[in-house]
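Some notes on the structure that comes next.
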Amino acid sequence: MASTPSQVYMDNPLPLNHIIPLDFDSVHSLPESHVWPHFDDLSFGTWTYSDDQTQNFPIPVIDLMDPNAAQLVGHACQQWGAFQLTSHGLPSSLVNHVESQTRRLFALPAHEKMKALRLPGGGAGYGQARISPFYPKFMWHEGFTIMGSAVDHASKLWPDDYKGFCDAMEDYQKKMKELAEKLLLILLESLDISEEDYRTTSVQRGPDACSSALQLNSYPPCPDPNRAMGLAPHTDSLLFTIVHQSHTSGLQILREGVGWITAFPLEGALVINVGDLLHVLSNGRYRSVLHRAVVNRAEHRISAAYFYGPAPDSVISPLSGQQDVVPCYRSVSVKEYADLKAKHKEKALSLLRL
């Protein structure tokens with residue numbers, strides 16, 4: 001029987017205290033449960049630059065229509081593990097509608113949002129980030145995960161008025177999948193991997209099958225942002241992630257030898273993050289990027305992250321256009337890696353080393 005993305009979560013249930021978010025409207029000071037150590041202790045021996053300084057280390061911006069897009073994408077993935085993408089074809093009206101519906105969702109009172117709470121063994125619905133159990137402190141964050149249709153949860157939030165939300169999210173996921181498939185071809189080209197080799201080796205359920213999820217993120221204004229963490233440092237598990245962020249900055253990526261660099265919102269651009277399975281597929285050439293989200297005192301920041309990879313029972317193997325390259329990682333199915341990540345977090349990738 002083929003596995004599904006939902007089975008990954010069923011096999012790795014979370015306790016309720018790591019699912020139910022804080023009622024952010026009810027607190028006026030930072031609870032001790034959400035007070036984090038100084039960021040230097042979280043940054044793996046690196047430091048955080050100020051906004052002015054990070055302007056000197058801008059994350060690459062790539063035009064999807066550039067004739068040299070594959071080369072530029074490959075360089076960005078090797079050097080940064082992330083880039084900002086323009087001319088991607090996603091209608092701005094759709095992006096704005098999704099952002100509006102996302103704000104509508106997170107503006108609901110806490111007791112209303114609890115009607116769509118994610119189940120302990122579930123993947124979809126309202127709740128904290130799934131990485132929460134790996135940390136002794138809670139994050140200043142609430143999220144809403146959509147895997148396919150949002151009707152089941154949205155109808156609990158707006159029994160008579162859920163269609164607008166669901167239609168927006170369905171359209172967005174459809175456009176994101178189309179964009180992800182274009183990006184995948186560009187990434188394969190940049191690695192000198194033929195689409196046939198990738199499909200033959202990795203995809204077990206046909207070219208249209210994939211693992212995907214849309215994660216809506218909310219970072220409310222924080223009374224003490226210097227001692228809080230929006231989303232703790234982590235890498236993403238699948239091939240890559242496509243992120244739309246509102247006009248408020250907060251997303252940071254770790255640049256080796258430099259430190260935490262802010263991915264400033266760029267009008268019309270999407271942020272692309274390399275994930276762990278692309279790290280494996282590229283045999284370590286494209287490194288999955290460690291990233292985090294910081295919070296601020298004045299503005300409510302939101303983002304929408306689309307996670308993309310092959311179907312759960314697909315197998316990812318290191319592929320290369322060069323025959324004499326020795327694999328650095330063993331082959332792994334998408335579901336097996338998701339299970340490893342759920343148990344070992346950032347150590348999961350090292351467990352695949354040969």
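FYI, nothing fancy with the structure tokens labels: chains A, B, ... in order, residues from 1 per chain, ligands from 1 as they appear.
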Mind dumping a table of every region 150-269 of chain A residue within 7 Å of region 136-141 of chain A, with the nearest atom pair and its distance in Å to one decimal, using only C-alpha atoms, sorted by chain and rising number, as a tab-separated table?
```
residue	atom	partner	partner_atom	distance
A:Ser218	CA	A:His141	CA	5.7
A:Tyr219	CA	A:His141	CA	5.0
A:Ala228	CA	A:Trp140	CA	6.5
A:Met229	CA	A:Met139	CA	5.3
A:Gly230	CA	A:Trp140	CA	4.6
A:Leu231	CA	A:Met139	CA	6.0
```
So which residues touch Ser211 (chain A) within 7 Å, counting only C-alpha atoms, skipping near sequence neighbours fewer than 3 positions away, as an mmCIF file with N, CA, C and O atoms, in the first residue's frame?
```cif
data_model
loop_
_atom_site.group_PDB
_atom_site.id
_atom_site.type_symbol
_atom_site.label_atom_id
_atom_site.label_comp_id
_atom_site.auth_asym_id
_atom_site.auth_seq_id
_atom_site.Cartn_x
_atom_site.Cartn_y
_atom_site.Cartn_z
ATOM 1 N N PRO A 5 1.402 11.497 2.813
ATOM 2 C CA PRO A 5 2.017 12.440 3.741
ATOM 3 C C PRO A 5 1.407 12.374 5.131
ATOM 4 O O PRO A 5 2.112 12.526 6.131
ATOM 5 N N TYR A 308 7.762 21.288 -1.150
ATOM 6 C CA TYR A 308 7.604 20.463 -2.347
ATOM 7 C C TYR A 308 8.635 19.346 -2.412
ATOM 8 O O TYR A 308 9.826 19.559 -2.174
ATOM 9 N N GLY A 309 8.146 18.143 -2.745
ATOM 10 C CA GLY A 309 9.024 17.003 -2.964
ATOM 11 C C GLY A 309 8.271 15.903 -3.677
ATOM 12 O O GLY A 309 7.068 16.027 -3.943
ATOM 13 N N PRO A 310 8.938 14.802 -3.987
ATOM 14 C CA PRO A 310 8.245 13.684 -4.626
ATOM 15 C C PRO A 310 7.335 12.960 -3.651
ATOM 16 O O PRO A 310 7.346 13.246 -2.446
ATOM 17 N N ALA A 311 6.554 12.016 -4.147
ATOM 18 C CA ALA A 311 5.598 11.279 -3.322
ATOM 19 C C ALA A 311 6.310 10.544 -2.185
ATOM 20 O O ALA A 311 7.492 10.196 -2.298
ATOM 21 N N PRO A 312 5.611 10.304 -1.069
ATOM 22 C CA PRO A 312 6.254 9.723 0.120
ATOM 23 C C PRO A 312 6.967 8.394 -0.104
ATOM 24 O O PRO A 312 7.962 8.103 0.547
#
```
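Interatomic distance, CA of His279 (chain A) against CA of Lys177 (chain A): 20.2 Å.
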Using only C-alpha atoms, which of A:Leu119, A:Leu351, A:Gly148, A:Val280 sits nearest Met10 (chain A)?
A:Leu119
So that I can check the surroundings of region 86-103 of chain A, please list as a ChimeraX atom specification every protein, DNA and RNA residue that reaches within 7 Å of it, counting only C-alpha atoms and ignoring chain neighbours fewer than 3 positions away.
/A:62-65,106-107,165,168-169,172,175,216,268-270
Please produce an output containing N, CA and C atoms for each residue in the selection, written as a short mmCIF file (atom, residue, chain, number, x, y, z; two decimals), in the first residue's frame.
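Printed below is selection-v9.cif as written:
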```
data_model
loop_
_atom_site.label_atom_id
_atom_site.label_comp_id
_atom_site.auth_asym_id
_atom_site.auth_seq_id
_atom_site.Cartn_x
_atom_site.Cartn_y
_atom_site.Cartn_z
N ILE A 62 17.11 36.21 -8.55
CA ILE A 62 17.21 35.57 -9.86
C ILE A 62 15.89 35.74 -10.61
N ASP A 63 16.00 36.19 -11.85
CA ASP A 63 14.85 36.32 -12.75
C ASP A 63 14.64 34.96 -13.42
N LEU A 64 13.46 34.39 -13.24
CA LEU A 64 13.19 33.06 -13.79
C LEU A 64 13.29 33.06 -15.32
N MET A 65 13.08 34.21 -15.94
CA MET A 65 13.13 34.30 -17.39
C MET A 65 14.54 34.55 -17.93
N PHE A 106 -5.82 34.42 11.10
CA PHE A 106 -5.09 34.62 12.35
C PHE A 106 -5.66 35.76 13.19
N ALA A 107 -6.55 36.56 12.61
CA ALA A 107 -7.22 37.61 13.38
C ALA A 107 -8.36 37.05 14.24
N PHE A 165 -11.92 31.48 1.55
CA PHE A 165 -10.64 31.02 2.06
C PHE A 165 -10.17 29.77 1.31
N ALA A 168 -9.14 30.40 -2.38
CA ALA A 168 -7.85 31.08 -2.47
C ALA A 168 -6.70 30.10 -2.24
N MET A 169 -6.82 29.26 -1.23
CA MET A 169 -5.75 28.32 -0.92
C MET A 169 -5.61 27.23 -1.98
N TYR A 172 -3.93 28.84 -4.97
CA TYR A 172 -2.52 29.11 -4.65
C TYR A 172 -1.70 27.83 -4.72
N LYS A 175 -1.10 26.87 -8.38
CA LYS A 175 -0.06 27.69 -9.01
C LYS A 175 1.32 27.37 -8.45
N LEU A 216 0.79 28.24 6.53
CA LEU A 216 0.57 29.65 6.81
C LEU A 216 1.15 29.97 8.18
N GLY A 268 7.14 41.44 -5.04
CA GLY A 268 6.93 40.51 -6.14
C GLY A 268 7.82 39.29 -6.14
N ALA A 269 8.74 39.19 -5.18
CA ALA A 269 9.68 38.07 -5.17
C ALA A 269 9.25 36.99 -4.19
N LEU A 270 9.68 35.76 -4.47
CA LEU A 270 9.48 34.63 -3.57
C LEU A 270 10.85 34.12 -3.13
#
```
Can you tell me, as a PyMOL selection string, what residues are no more than 12 Å from region 130-134 of chain A when counting only C-alpha atoms, ignoring any on the same chain fewer than 3 positions away?
chain A and resi 9+12-21+34+118-127+137-145+215+229-237+292+338+341-347
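Of the residues under consideration (A:Leu191, A:Ile316, A:Leu157, A:Ala82), A:Ile316 shows the shortest atom-to-atom contact distance to Val334 (chain A) when counting only C-alpha atoms.
Distance-wise, CA of His111 (chain A) and CA of Arg301 (chain A) end up 20.9 Å apart.
The gap separating CA of Tyr337 (chain A) from CA of Arg255 (chain A) is 24.6 Å, in Å to one decimal.
Comparing the minimum interatomic distances between Ala180 (chain A) and each of A:Phe264, A:Tyr135, A:Tyr306, A:Trp36, counting only C-alpha atoms, we find that A:Tyr306 sits nearest.
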Give the alpha helix (DSSP H) residues of region 135-307 of chain A, as DSSP finds them on the backbone, and put them as an MDAnalysis selection string.
chainID A and resid 151:157 163:190 195:202 276:281
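For Lys156 (chain A), the non-local neighbours within 9 Å, defined as residues at least 5 positions apart in the same chain or in other chains and counting only C-alpha atoms, are Glu112, Lys113, Lys115, Ala116, Val151 and Tyr162 of chain A.
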Selected residues written out, C-alpha atoms, as a PDB file, in the first residue's frame:
```
ATOM      1  CA  GLU A 112     -12.253  30.239  17.538  1.00  0.00           C
ATOM      2  CA  LYS A 113      -8.932  29.116  16.018  1.00  0.00           C
ATOM      3  CA  LYS A 115     -11.869  24.735  16.544  1.00  0.00           C
ATOM      4  CA  ALA A 116      -9.398  23.873  13.771  1.00  0.00           C
ATOM      5  CA  VAL A 151     -12.516  22.620   3.721  1.00  0.00           C
ATOM      6  CA  TYR A 162     -15.424  29.340   4.250  1.00  0.00           C
TER       7      TYR A 162
END
```
DSSP strand (DSSP E) residues within region 252-344 of chain A, as a list of chain:residue names:
A:Gln252, A:Ile253, A:Leu254, A:Arg255, A:Gly259, A:Trp260, A:Ile261, A:Thr262, A:Leu270, A:Val271, A:Ile272, A:Asn273, A:Val274, A:His291, A:Arg292, A:Ala293, A:Arg301, A:Ile302, A:Ser303, A:Ala304, A:Ala305, A:Tyr306, A:Phe307, A:Tyr308, A:Gly309, A:Val315, A:Ile316, A:Val332, A:Ser333
Find, counting only C-alpha atoms, the residue in A:Gly257, A:Gly74, A:Pro58, A:Pro327 that gets nearest to Glu189 (chain A).
A:Gly74
Judged by only C-alpha atoms, the minimum distance to Thr262 (chain A) among A:Phe83, A:Phe24, A:Tyr198, A:Tyr329 is found for A:Phe83
Find the residue from A:Ala298, A:Val61, A:Ala154, A:Ala293 that sits nearest to Arg104 (chain A); use only C-alpha atoms when measuring.
A:Ala154
Quick one: everything within 7 Å of Val289 (chain A), counting only C-alpha atoms, minus sequence neighbours fewer than 4 positions away in the same chain. Send it as a ChimeraX atom specification.
/A:81-82,235,253-254,273-275
